[in-house]
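Below is the file entry-v3.pdb, which contains PDB, C-alpha atoms.
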ATOM      1  CA  MET A   1     -46.019 360.828 146.545
ATOM      2  CA  GLN A   2     -44.096 360.663 149.819
ATOM      3  CA  PRO A   3     -46.590 358.501 151.722
ATOM      4  CA  VAL A   4     -46.953 356.147 148.789
ATOM      5  CA  ARG A   5     -43.200 355.707 148.431
ATOM      6  CA  PHE A   6     -42.876 355.180 152.132
ATOM      7  CA  ALA A   7     -45.586 352.553 152.049
ATOM      8  CA  ALA A   8     -43.896 350.742 149.179
ATOM      9  CA  ASP A   9     -40.524 350.718 150.920
ATOM     10  CA  LEU A  10     -42.184 349.492 154.065
ATOM     11  CA  ALA A  11     -43.864 346.658 152.206
ATOM     12  CA  LEU A  12     -40.656 345.617 150.469
ATOM     13  CA  GLY A  13     -38.736 345.764 153.710
ATOM     14  CA  THR A  14     -41.313 343.592 155.394
ATOM     15  CA  VAL A  15     -41.264 341.057 152.611
ATOM     16  CA  ALA A  16     -37.491 340.951 152.666
ATOM     17  CA  LEU A  17     -37.506 340.621 156.434
ATOM     18  CA  VAL A  18     -39.737 337.536 156.172
ATOM     19  CA  ALA A  19     -38.546 335.986 152.884
ATOM     20  CA  VAL A  20     -34.795 335.926 153.557
ATOM     21  CA  PRO A  21     -34.966 333.863 156.764
ATOM     22  CA  VAL A  22     -37.591 331.590 155.222
ATOM     23  CA  ALA A  23     -35.360 330.960 152.184
ATOM     24  CA  ALA A  24     -32.371 330.289 154.433
ATOM     25  CA  VAL A  25     -34.349 327.866 156.550
ATOM     26  CA  GLY A  26     -35.676 326.178 153.418
ATOM     27  CA  HIS A  27     -32.181 325.767 152.002
ATOM     28  CA  ARG A  28     -30.975 324.336 155.295
ATOM     29  CA  ILE A  29     -33.873 321.881 155.390
ATOM     30  CA  ARG A  30     -33.164 320.821 151.808
ATOM     31  CA  VAL A  31     -29.463 320.204 152.585
ATOM     32  CA  LEU A  32     -30.326 318.169 155.663
ATOM     33  CA  ALA A  33     -32.998 316.154 153.857
ATOM     34  CA  GLU A  34     -30.921 315.385 150.719
ATOM     35  CA  PRO A  35     -29.410 312.029 151.913
ATOM     36  CA  ALA A  36     -32.763 310.785 153.112
ATOM     37  CA  VAL A  37     -34.386 311.768 149.812
ATOM     38  CA  SER A  38     -31.601 310.029 147.877
ATOM     39  CA  LEU A  39     -32.050 306.823 149.868
ATOM     40  CA  LEU A  40     -35.782 306.994 149.378
ATOM     41  CA  ARG A  41     -35.336 307.493 145.643
ATOM     42  CA  ASP A  42     -32.989 304.495 145.401
ATOM     43  CA  GLU A  43     -35.371 302.307 147.357
ATOM     44  CA  VAL A  44     -38.305 303.301 145.187
ATOM     45  CA  THR A  45     -36.270 302.631 142.045
ATOM     46  CA  ARG A  46     -35.194 299.194 143.295
ATOM     47  CA  GLN A  47     -38.700 298.166 144.244
ATOM     48  CA  LEU A  48     -40.011 299.423 140.933
ATOM     49  CA  ALA A  49     -37.364 297.407 139.074
ATOM     50  CA  GLU A  50     -38.250 294.285 141.022
ATOM     51  CA  ALA A  51     -41.890 294.758 140.231
ATOM     52  CA  LEU A  52     -41.134 295.313 136.548
ATOM     53  CA  ASP A  53     -38.955 292.195 136.454
ATOM     54  CA  VAL A  54     -41.967 290.191 137.509
ATOM     55  CA  VAL A  55     -44.650 291.994 135.590
ATOM     56  CA  VAL A  56     -42.998 292.686 132.220
ATOM     57  CA  PRO A  57     -41.996 289.097 131.307
ATOM     58  CA  ALA A  58     -45.417 287.828 132.309
ATOM     59  CA  ALA A  59     -47.123 290.553 130.300
ATOM     60  CA  VAL A  60     -44.938 289.978 127.250
ATOM     61  CA  GLU A  61     -45.517 286.240 127.514
ATOM     62  CA  GLN A  62     -49.246 286.808 127.554
ATOM     63  CA  VAL A  63     -49.000 289.141 124.563
ATOM     64  CA  LEU A  64     -46.861 286.678 122.600
ATOM     65  CA  GLN A  65     -49.249 283.853 123.332
ATOM     66  CA  ARG A  66     -51.972 285.871 121.668
ATOM     67  CA  LEU A  67     -49.907 286.687 118.609
ATOM     68  CA  ASP A  68     -48.906 284.488 115.672
ATOM     69  CA  LEU A  69     -45.425 285.845 115.133
ATOM     70  CA  THR A  70     -44.688 283.536 112.239
ATOM     71  CA  ALA A  71     -47.722 284.751 110.378
ATOM     72  CA  ILE A  72     -46.872 288.370 111.165
ATOM     73  CA  VAL A  73     -43.319 287.930 109.886
ATOM     74  CA  GLU A  74     -44.539 286.140 106.768
ATOM     75  CA  GLN A  75     -47.017 288.896 106.145
ATOM     76  CA  HIS A  76     -44.778 291.885 106.756
ATOM     77  CA  VAL A  77     -41.197 290.704 106.088
ATOM     78  CA  ASP A  78     -39.758 289.829 102.683
ATOM     79  CA  ILE A  79     -37.782 286.738 103.673
ATOM     80  CA  GLU A  80     -36.566 286.042 100.161
ATOM     81  CA  GLU A  81     -34.980 289.456  99.977
ATOM     82  CA  ILE A  82     -33.190 288.846 103.259
ATOM     83  CA  VAL A  83     -31.956 285.424 102.115
ATOM     84  CA  GLU A  84     -30.744 286.925  98.844
ATOM     85  CA  SER A  85     -28.796 289.540 100.746
ATOM     86  CA  ILE A  86     -26.901 286.838 102.672
ATOM     87  CA  ASP A  87     -23.762 285.439 101.006
ATOM     88  CA  LEU A  88     -24.463 281.758 101.663
ATOM     89  CA  ALA A  89     -21.482 280.589  99.631
ATOM     90  CA  ALA A  90     -19.096 282.676 101.712
ATOM     91  CA  ILE A  91     -20.611 281.373 104.936
ATOM     92  CA  THR A  92     -20.379 277.778 103.711
ATOM     93  CA  ASN A  93     -16.768 278.256 102.711
ATOM     94  CA  GLN A  94     -16.001 279.760 106.080
ATOM     95  CA  ILE A  95     -17.587 276.815 107.894
ATOM     96  CA  MET A  96     -15.719 274.299 105.747
ATOM     97  CA  GLU A  97     -12.507 276.166 106.429
ATOM     98  CA  GLU A  98     -13.194 276.167 110.146
ATOM     99  CA  ILE A  99     -13.822 272.438 110.403
ATOM    100  CA  ASP A 100     -11.264 271.586 107.673
ATOM    101  CA  LEU A 101     -13.715 269.274 105.962
ATOM    102  CA  PRO A 102     -11.414 268.210 103.100
ATOM    103  CA  GLU A 103      -8.754 267.123 105.556
ATOM    104  CA  ILE A 104     -11.280 265.117 107.553
ATOM    105  CA  ILE A 105     -12.444 263.349 104.407
ATOM    106  CA  ARG A 106      -8.860 262.640 103.333
ATOM    107  CA  GLN A 107      -7.950 261.294 106.729
ATOM    108  CA  SER A 108     -11.121 259.274 107.043
ATOM    109  CA  THR A 109     -10.812 257.608 103.690
ATOM    110  CA  GLY A 110      -7.012 257.467 103.481
ATOM    111  CA  SER A 111      -5.851 255.450 106.440
ATOM    112  CA  VAL A 112      -8.544 254.552 108.883
ATOM    113  CA  ALA A 113     -11.375 253.499 106.616
ATOM    114  CA  SER A 114     -10.161 250.002 106.093
ATOM    115  CA  GLU A 115     -11.961 247.756 108.527
ATOM    116  CA  THR A 116      -9.297 245.072 108.133
ATOM    117  CA  LEU A 117      -6.491 247.432 108.971
ATOM    118  CA  ARG A 118      -8.439 248.731 111.927
ATOM    119  CA  GLY A 119      -8.955 245.181 113.163
ATOM    120  CA  VAL A 120      -5.265 244.331 112.800
ATOM    121  CA  ARG A 121      -4.269 247.450 114.678
ATOM    122  CA  MET A 122      -6.728 246.854 117.483
ATOM    123  CA  GLN A 123      -5.663 243.229 117.829
ATOM    124  CA  ALA A 124      -2.023 244.310 117.961
ATOM    125  CA  ILE A 125      -2.882 246.822 120.690
ATOM    126  CA  SER A 126      -4.647 244.083 122.659
ATOM    127  CA  ALA A 127      -1.615 241.840 122.220
ATOM    128  CA  ASP A 128       0.608 244.686 123.441
ATOM    129  CA  ASP A 129      -1.490 244.967 126.570
ATOM    130  CA  ALA A 130      -1.369 241.213 127.097
ATOM    131  CA  VAL A 131       2.430 241.182 126.790
ATOM    132  CA  SER A 132       2.709 244.091 129.205
ATOM    133  CA  LYS A 133       0.465 242.357 131.756
ATOM    134  CA  LEU A 134       2.449 239.135 131.425
ATOM    135  CA  SER A 135       5.702 241.006 131.890
ATOM    136  CA  GLU A 136       4.299 242.837 134.909
ATOM    137  CA  ARG A 137       3.131 239.578 136.477
ATOM    138  CA  PHE A 138       6.554 238.038 135.907
ATOM    139  CA  ARG A 139       8.275 241.026 137.508
ATOM    140  CA  LEU A 140       5.988 240.888 140.546
ATOM    141  CA  ARG A 141       6.623 237.153 140.976
ATOM    142  CA  ARG A 142      10.364 237.686 140.810
ATOM    143  CA  ALA A 143      10.137 240.545 143.299
ATOM    144  CA  ARG A 144       8.291 238.269 145.734
ATOM    145  CA  GLN A 145      10.811 235.443 145.309
ATOM    146  CA  VAL A 146      13.847 237.650 145.962
ATOM    147  CA  PRO A 147      14.050 238.085 149.777
ATOM    148  CA  ALA A 148      14.468 241.548 151.139
ATOM    149  CA  LEU A 149      18.121 242.319 151.754
ATOM    150  CA  PRO A 150      19.076 243.291 155.308
ATOM    151  CA  ALA A 151      20.211 246.815 155.872
ATOM    152  CA  GLY A 152      23.928 247.410 155.875
ATOM    153  CA  PRO A 153      26.775 246.640 153.507
ATOM    154  CA  ALA A 154      25.937 244.038 150.849
ATOM    155  CA  GLY A 155      28.923 241.654 150.669
ATOM    156  CA  PRO A 156      30.963 239.861 153.274
ATOM    157  CA  VAL A 157      32.478 242.015 155.969
ATOM    158  CA  PRO A 158      36.269 241.969 155.596
ATOM    159  CA  GLU A 159      38.217 240.587 158.477
ATOM    160  CA  PRO A 160      40.164 243.202 160.410
ATOM    161  CA  LEU A 161      43.874 243.013 159.756
TER
ATOM    162  CA  MET B   1     -16.056 280.627 118.208
ATOM    163  CA  THR B   2     -13.749 277.643 118.273
ATOM    164  CA  VAL B   3     -14.946 274.559 116.411
ATOM    165  CA  GLU B   4     -14.020 271.234 117.998
ATOM    166  CA  PRO B   5     -11.946 269.243 115.509
ATOM    167  CA  VAL B   6     -13.622 266.048 114.395
ATOM    168  CA  SER B   7     -11.304 263.109 115.016
ATOM    169  CA  PRO B   8     -10.983 260.559 112.221
ATOM    170  CA  VAL B   9      -9.756 257.953 114.714
ATOM    171  CA  PRO B  10     -12.322 255.270 115.585
ATOM    172  CA  ARG B  11     -13.898 255.603 118.994
ATOM    173  CA  GLU B  12     -12.378 252.403 120.393
ATOM    174  CA  ALA B  13      -8.849 253.509 119.520
ATOM    175  CA  ARG B  14      -9.030 257.093 120.734
ATOM    176  CA  GLY B  15      -7.966 256.211 124.260
ATOM    177  CA  TYR B  16      -4.704 254.737 122.997
ATOM    178  CA  GLN B  17      -3.611 257.709 120.904
ATOM    179  CA  GLY B  18      -0.351 259.104 122.245
ATOM    180  CA  GLU B  19       0.275 256.067 124.451
ATOM    181  CA  VAL B  20       3.577 254.220 124.125
ATOM    182  CA  ALA B  21       3.276 251.295 121.741
ATOM    183  CA  GLY B  22       3.996 247.760 122.867
ATOM    184  CA  LEU B  23       6.088 244.917 121.572
ATOM    185  CA  VAL B  24       3.643 243.211 119.225
ATOM    186  CA  THR B  25       2.638 246.300 117.272
ATOM    187  CA  ARG B  26       6.239 247.354 116.915
ATOM    188  CA  LEU B  27       7.324 243.889 115.818
ATOM    189  CA  VAL B  28       4.628 243.796 113.145
ATOM    190  CA  GLY B  29       5.619 247.263 111.958
ATOM    191  CA  SER B  30       9.293 246.292 111.889
ATOM    192  CA  SER B  31       8.496 243.145 109.915
ATOM    193  CA  ILE B  32       6.701 245.233 107.323
ATOM    194  CA  ASP B  33       9.714 247.549 107.185
ATOM    195  CA  ALA B  34      11.988 244.556 106.679
ATOM    196  CA  GLY B  35       9.774 243.534 103.762
ATOM    197  CA  VAL B  36       9.996 247.028 102.307
ATOM    198  CA  VAL B  37      13.794 246.971 102.543
ATOM    199  CA  ALA B  38      13.916 243.512 100.963
ATOM    200  CA  LEU B  39      11.723 244.705  98.094
ATOM    201  CA  ALA B  40      13.907 247.783  97.628
ATOM    202  CA  LEU B  41      17.027 245.623  97.516
ATOM    203  CA  LEU B  42      15.429 243.258  95.051
ATOM    204  CA  ALA B  43      14.300 246.155  92.889
ATOM    205  CA  GLY B  44      17.780 247.657  93.037
ATOM    206  CA  TRP B  45      19.400 244.386  92.103
ATOM    207  CA  VAL B  46      16.998 243.806  89.216
ATOM    208  CA  GLY B  47      17.437 247.382  88.041
ATOM    209  CA  LEU B  48      21.211 247.186  88.194
ATOM    210  CA  ASN B  49      21.316 243.957  86.241
ATOM    211  CA  GLY B  50      18.778 245.260  83.759
ATOM    212  CA  PHE B  51      20.950 248.312  83.187
ATOM    213  CA  LYS B  52      23.991 246.086  82.666
ATOM    214  CA  PHE B  53      22.006 243.952  80.257
ATOM    215  CA  LEU B  54      21.069 247.018  78.250
ATOM    216  CA  LEU B  55      24.680 248.121  78.069
ATOM    217  CA  ASP B  56      26.102 244.758  77.050
ATOM    218  CA  PRO B  57      23.423 242.192  76.145
ATOM    219  CA  ARG B  58      25.781 239.659  74.708
ATOM    220  CA  GLY B  59      28.250 239.524  77.579
ATOM    221  CA  PHE B  60      25.623 239.890  80.304
ATOM    222  CA  GLN B  61      25.975 237.948  83.568
ATOM    223  CA  PHE B  62      24.071 238.422  86.839
ATOM    224  CA  SER B  63      26.193 240.225  89.386
ATOM    225  CA  GLY B  64      26.028 241.650  92.906
ATOM    226  CA  THR B  65      25.133 238.438  94.686
ATOM    227  CA  SER B  66      28.096 238.195  97.031
ATOM    228  CA  LEU B  67      27.211 237.935 100.718
ATOM    229  CA  LEU B  68      29.317 240.897 101.810
ATOM    230  CA  LEU B  69      27.918 243.167  99.110
ATOM    231  CA  SER B  70      24.359 242.103  99.847
ATOM    232  CA  PHE B  71      24.837 242.646 103.582
ATOM    233  CA  THR B  72      26.407 246.056 103.033
ATOM    234  CA  ALA B  73      23.659 247.085 100.646
ATOM    235  CA  ALA B  74      20.966 245.842 103.029
ATOM    236  CA  CYS B  75      22.462 247.769 105.942
ATOM    237  CA  ALA B  76      22.842 250.935 103.885
ATOM    238  CA  VAL B  77      19.308 250.788 102.527
ATOM    239  CA  THR B  78      17.897 250.068 105.981
ATOM    240  CA  VAL B  79      19.733 252.971 107.592
ATOM    241  CA  ILE B  80      18.756 255.378 104.817
ATOM    242  CA  TYR B  81      15.139 254.196 104.848
ATOM    243  CA  LEU B  82      14.747 254.420 108.624
ATOM    244  CA  THR B  83      16.586 257.726 108.953
ATOM    245  CA  GLY B  84      14.695 259.374 106.132
ATOM    246  CA  SER B  85      11.322 258.130 107.299
ATOM    247  CA  TRP B  86      11.783 259.160 110.929
ATOM    248  CA  ALA B  87      13.311 262.534 110.087
ATOM    249  CA  ILE B  88      10.788 263.493 107.407
ATOM    250  CA  THR B  89       7.452 262.046 108.474
ATOM    251  CA  GLY B  90       8.175 260.468 111.837
ATOM    252  CA  ARG B  91       7.103 257.056 110.642
ATOM    253  CA  THR B  92       8.205 254.313 108.315
ATOM    254  CA  TRP B  93       5.800 252.446 106.072
ATOM    255  CA  GLY B  94       5.440 249.732 108.689
ATOM    256  CA  SER B  95       4.685 252.332 111.343
ATOM    257  CA  HIS B  96       2.188 253.953 109.000
ATOM    258  CA  VAL B  97       0.371 250.669 108.502
ATOM    259  CA  MET B  98       0.307 249.919 112.218
ATOM    260  CA  GLY B  99      -0.521 253.483 113.258
ATOM    261  CA  LEU B 100       2.731 254.258 115.053
ATOM    262  CA  ARG B 101       4.930 257.329 115.214
ATOM    263  CA  VAL B 102       8.480 257.782 116.479
ATOM    264  CA  VAL B 103       8.889 260.887 118.603
ATOM    265  CA  ASP B 104      11.523 262.455 120.787
ATOM    266  CA  ARG B 105      11.149 263.138 124.491
ATOM    267  CA  ARG B 106       9.047 266.242 123.805
ATOM    268  CA  GLY B 107       6.677 264.385 121.531
ATOM    269  CA  GLN B 108       8.135 266.053 118.453
ATOM    270  CA  ARG B 109       9.564 264.549 115.268
ATOM    271  CA  LEU B 110      13.150 263.313 115.562
ATOM    272  CA  ARG B 111      15.989 265.580 114.533
ATOM    273  CA  PRO B 112      17.995 264.214 111.566
ATOM    274  CA  THR B 113      21.008 263.377 113.725
ATOM    275  CA  VAL B 114      18.895 261.513 116.256
ATOM    276  CA  ALA B 115      17.064 259.770 113.420
ATOM    277  CA  LEU B 116      20.398 258.699 111.919
ATOM    278  CA  LEU B 117      21.677 257.406 115.260
ATOM    279  CA  ARG B 118      18.442 255.524 115.854
ATOM    280  CA  GLY B 119      18.565 254.128 112.332
ATOM    281  CA  LEU B 120      22.101 252.861 112.857
ATOM    282  CA  PHE B 121      21.201 251.505 116.286
ATOM    283  CA  CYS B 122      18.128 249.664 114.990
ATOM    284  CA  THR B 123      19.992 248.298 111.966
ATOM    285  CA  PHE B 124      22.973 246.908 113.837
ATOM    286  CA  PHE B 125      21.257 246.046 117.123
ATOM    287  CA  PRO B 126      17.692 245.089 116.180
ATOM    288  CA  ILE B 127      17.334 242.794 119.170
ATOM    289  CA  GLY B 128      17.198 245.898 121.368
ATOM    290  CA  LEU B 129      13.593 246.286 120.257
ATOM    291  CA  LEU B 130      12.618 243.261 122.338
ATOM    292  CA  TRP B 131      13.441 245.143 125.518
ATOM    293  CA  CYS B 132      10.194 247.068 125.158
ATOM    294  CA  GLY B 133       8.407 243.806 125.953
ATOM    295  CA  VAL B 134       9.855 243.666 129.458
ATOM    296  CA  ASN B 135      10.450 247.337 130.168
ATOM    297  CA  PRO B 136       7.673 248.763 132.393
ATOM    298  CA  SER B 137       7.403 251.899 130.279
ATOM    299  CA  ARG B 138       7.572 249.894 127.013
ATOM    300  CA  ARG B 139      10.853 251.415 125.903
ATOM    301  CA  SER B 140      13.374 249.604 123.764
ATOM    302  CA  VAL B 141      17.124 249.866 124.273
ATOM    303  CA  GLN B 142      17.228 252.404 121.446
ATOM    304  CA  ASP B 143      14.499 254.462 123.100
ATOM    305  CA  ILE B 144      16.277 254.458 126.447
ATOM    306  CA  VAL B 145      19.664 255.412 125.012
ATOM    307  CA  LEU B 146      18.416 258.050 122.555
ATOM    308  CA  ARG B 147      15.461 259.273 124.659
ATOM    309  CA  THR B 148      12.944 258.534 121.964
ATOM    310  CA  GLY B 149       9.586 256.821 122.031
ATOM    311  CA  VAL B 150       7.138 255.055 119.755
ATOM    312  CA  VAL B 151       3.513 256.039 120.274
ATOM    313  CA  TYR B 152       0.190 255.028 118.801
ATOM    314  CA  ASP B 153      -0.879 257.715 116.358
ATOM    315  CA  TRP B 154      -3.502 256.721 113.828
ATOM    316  CA  VAL B 155      -3.827 260.188 112.353
ATOM    317  CA  PRO B 156      -1.842 260.099 109.105
ATOM    318  CA  ARG B 157      -0.834 263.733 109.125
ATOM    319  CA  ARG B 158       1.655 265.227 111.550
ATOM    320  CA  ARG B 159       0.117 266.865 114.579
ATOM    321  CA  ALA B 160       1.115 267.818 118.085
ATOM    322  CA  VAL B 161       1.645 264.664 120.102
ATOM    323  CA  SER B 162       2.017 264.775 123.860
ATOM    324  CA  PRO B 163       5.309 263.419 125.178
ATOM    325  CA  PRO B 164       5.209 259.657 125.599
ATOM    326  CA  PRO B 165       4.466 258.647 129.184
ATOM    327  CA  GLY B 166       7.552 257.531 131.043
ATOM    328  CA  SER B 167       9.905 259.420 128.792
ATOM    329  CA  PRO B 168      12.451 261.691 130.427
ATOM    330  CA  THR B 169      11.612 265.319 129.982
ATOM    331  CA  GLY B 170      14.880 266.840 131.165
TER
END
Here is a file; write its structure as structure tokens.
Amino acid sequence: MQPVRFAADLALGTVALVAVPVAAVGHRIRVLAEPAVSLLRDEVTRQLAEALDVVVPAAVEQVLQRLDLTAIVEQHVDIEEIVESIDLAAITNQIMEEIDLPEIIRQSTGSVASETLRGVRMQAISADDAVSKLSERFRLRRARQVPALPAGPAGPVPEPL
Amino acid sequence: MTVEPVSPVPREARGYQGEVAGLVTRLVGSSIDAGVVALALLAGWVGLNGFKFLLDPRGFQFSGTSLLLSFTAACAVTVIYLTGSWAITGRTWGSHVMGLRVVDRRGQRLRPTVALLRGLFCTFFPIGLLWCGVNPSRRSVQDIVLRTGVVYDWVPRRRAVSPPPGSPTG
């Protein structure tokens, strides 16, 4: 048994002698190569994403062109059931509340609907503008007629006593 | 999601909304107000005499036609009418017809005290309104003194109105 045991110990010692440095070197190589591998992985991922961005929409477009989605939906989806599940009255009320439809109708028919009244108001606004322009023209004419006063005290200079 | 409010104001008038009103529109509105006051006085006079007639049909005689009493009543009704209208709704009936609104320097409805002062001012110095015809910012004497303004506002209901251009903000 002695030679056999010796041979086994020798073999294990040899393996250990070789394996331990190899594992250490391998670990060191892996540590050194990690950044480069990470960069490579990122680059591959980016290029793959770019390629998919081009390929997938085109492929889906081609698939959709060959499918009649409306027919598929009609065949496989119970639209009536979906419509029944929606509370249309609540949605309508919400929309009317949002746009305040009753108030719009009241305002539209209450004060502004009368074409005559609208005409009178618009003519009055035009007359307002005309009066303002006339007044402005008059002010400008007066400003031109009044000569610019010389700098200094406005009144006669008192005689020295 | 915010829904854009639909404006009931006609397209051609939208650009004027919030602008200071001019002389002609204000004169027309004031004339309508004068008519309203005259009708109120007439109704009051008829009502008073009708009441007297009911109390004493046989000895009934028309009364309340003296100049001083009529003038006093007209002034009182005018002040009450203008003050109440400006303080409550921001517009008299004449302003409502012509699409005008009286606002303070912040574009808000007048406070009751300011409305009362403006009512007194307009009743006893109505000629001050004519100053808005020559004033560059279309402001009457009353507007200048009380820092108020009259703007075009065709929307019947009260809403936020921007301060009238040319009005002092301080």
Open item on the list: The residues within 10 Å of (3.2, 251.0, 120.7), using only C-alpha atoms and the coordinates of the file, should be reported as a PyMOL selection string; which are they?
Closed with: (chain A and resi 124-125+128-129) or (chain B and resi 16-27+29+95+98-102+132+138-139+149-153)
Task: Residues selected by the PyMOL selection byres ((chain A) within 8 of (chain B)), written as number ranges by chain - done: A: 98-99, 104, 107-108, 111-112, 117, 120-122, 124-125, 127-129, 131-132, 135-136
TODO: Could you list the residues chosen by the PyMOL selection byres ((chain B and resi 128) around 7) in this structure as an MDAnalysis selection string?
DONE: chainID B and resid 125:127 129:131 140:142
Now that the selection is made, can you save its residues with C-alpha atoms as a compact mmCIF listing (two decimals), keeping the file's coordinate frame?
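File written: out38.txt
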# COMPACT_ATOMS: atom_id res chain seq x y z
CA PHE B 125 21.26 246.05 117.12
CA PRO B 126 17.69 245.09 116.18
CA ILE B 127 17.33 242.79 119.17
CA LEU B 129 13.59 246.29 120.26
CA LEU B 130 12.62 243.26 122.34
CA TRP B 131 13.44 245.14 125.52
CA SER B 140 13.37 249.60 123.76
CA VAL B 141 17.12 249.87 124.27
CA GLN B 142 17.23 252.40 121.45
At a cut-off of 12 Å around the point (22.6, 249.7, 102.8) (file coordinates), what residues fall inside when counting all atoms listed in the file? I'd like the answer as a JSON list (two decimals) with C-alpha atoms, keeping the file's coordinate frame.
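And here is the file that came out, out-v1.json:
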[["chain", "number", "residue", "atom", "x", "y", "z"],
["B", 37, "VAL", "CA", 13.79, 246.97, 102.54],
["B", 38, "ALA", "CA", 13.92, 243.51, 100.96],
["B", 40, "ALA", "CA", 13.91, 247.78, 97.63],
["B", 41, "LEU", "CA", 17.03, 245.62, 97.52],
["B", 44, "GLY", "CA", 17.78, 247.66, 93.04],
["B", 68, "LEU", "CA", 29.32, 240.90, 101.81],
["B", 69, "LEU", "CA", 27.92, 243.17, 99.11],
["B", 70, "SER", "CA", 24.36, 242.10, 99.85],
["B", 71, "PHE", "CA", 24.84, 242.65, 103.58],
["B", 72, "THR", "CA", 26.41, 246.06, 103.03],
["B", 73, "ALA", "CA", 23.66, 247.08, 100.65],
["B", 74, "ALA", "CA", 20.97, 245.84, 103.03],
["B", 75, "CYS", "CA", 22.46, 247.77, 105.94],
["B", 76, "ALA", "CA", 22.84, 250.94, 103.88],
["B", 77, "VAL", "CA", 19.31, 250.79, 102.53],
["B", 78, "THR", "CA", 17.90, 250.07, 105.98],
["B", 79, "VAL", "CA", 19.73, 252.97, 107.59],
["B", 80, "ILE", "CA", 18.76, 255.38, 104.82],
["B", 81, "TYR", "CA", 15.14, 254.20, 104.85],
["B", 82, "LEU", "CA", 14.75, 254.42, 108.62],
["B", 83, "THR", "CA", 16.59, 257.73, 108.95],
["B", 119, "GLY", "CA", 18.57, 254.13, 112.33],
["B", 120, "LEU", "CA", 22.10, 252.86, 112.86],
["B", 123, "THR", "CA", 19.99, 248.30, 111.97],
["B", 124, "PHE", "CA", 22.97, 246.91, 113.84]]
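Between atom CA of Gly94 of chain B and atom CA of Gly35 of chain B the interatomic distance comes to 9.0 Å.
What separates atom CA of Ala58 of chain A from atom CA of Arg41 of chain A is a distance of 25.8 Å.
One distance worth recording is that between atom CA of Asp104 of chain B and atom CA of Ser85 of chain B, which is 14.2 Å.
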Set up a box along x, y and z of the file covering all listed atoms of segment 41-47 of chain A, add 3 Å on every one of the six sides, and write the centre and edge lengths in Å to one decimal, as AutoDock Vina command-line options.
--center_x -35.8 --center_y 302.8 --center_z 144.7 --size_x 11.7 --size_y 15.3 --size_z 11.3
TODO: Go through B:Gln61, B:Trp93, B:Trp86, B:Asp143 one by one, measure the shortest atom-to-atom distance of each to Arg111 of chain B using only C-alpha atoms, and give the residue with the smallest value.
DONE: B:Trp86
Any chance you could resolve the PyMOL selection byres ((chain B and resi 63) around 10) against this file and give the residues as a CSV table (one decimal) with C-alpha atoms, in the frame of the given file?
chain,number,residue,atom,x,y,z
B,45,TRP,CA,19.4,244.4,92.1
B,46,VAL,CA,17.0,243.8,89.2
B,48,LEU,CA,21.2,247.2,88.2
B,49,ASN,CA,21.3,244.0,86.2
B,52,LYS,CA,24.0,246.1,82.7
B,60,PHE,CA,25.6,239.9,80.3
B,61,GLN,CA,26.0,237.9,83.6
B,62,PHE,CA,24.1,238.4,86.8
B,64,GLY,CA,26.0,241.6,92.9
B,65,THR,CA,25.1,238.4,94.7
B,66,SER,CA,28.1,238.2,97.0
Task: Shortest interatomic distance to Arg105 of chain B - which of B:Ala87, B:Val145, B:Leu54, B:Cys122, counting only C-alpha atoms - done: B:Val145
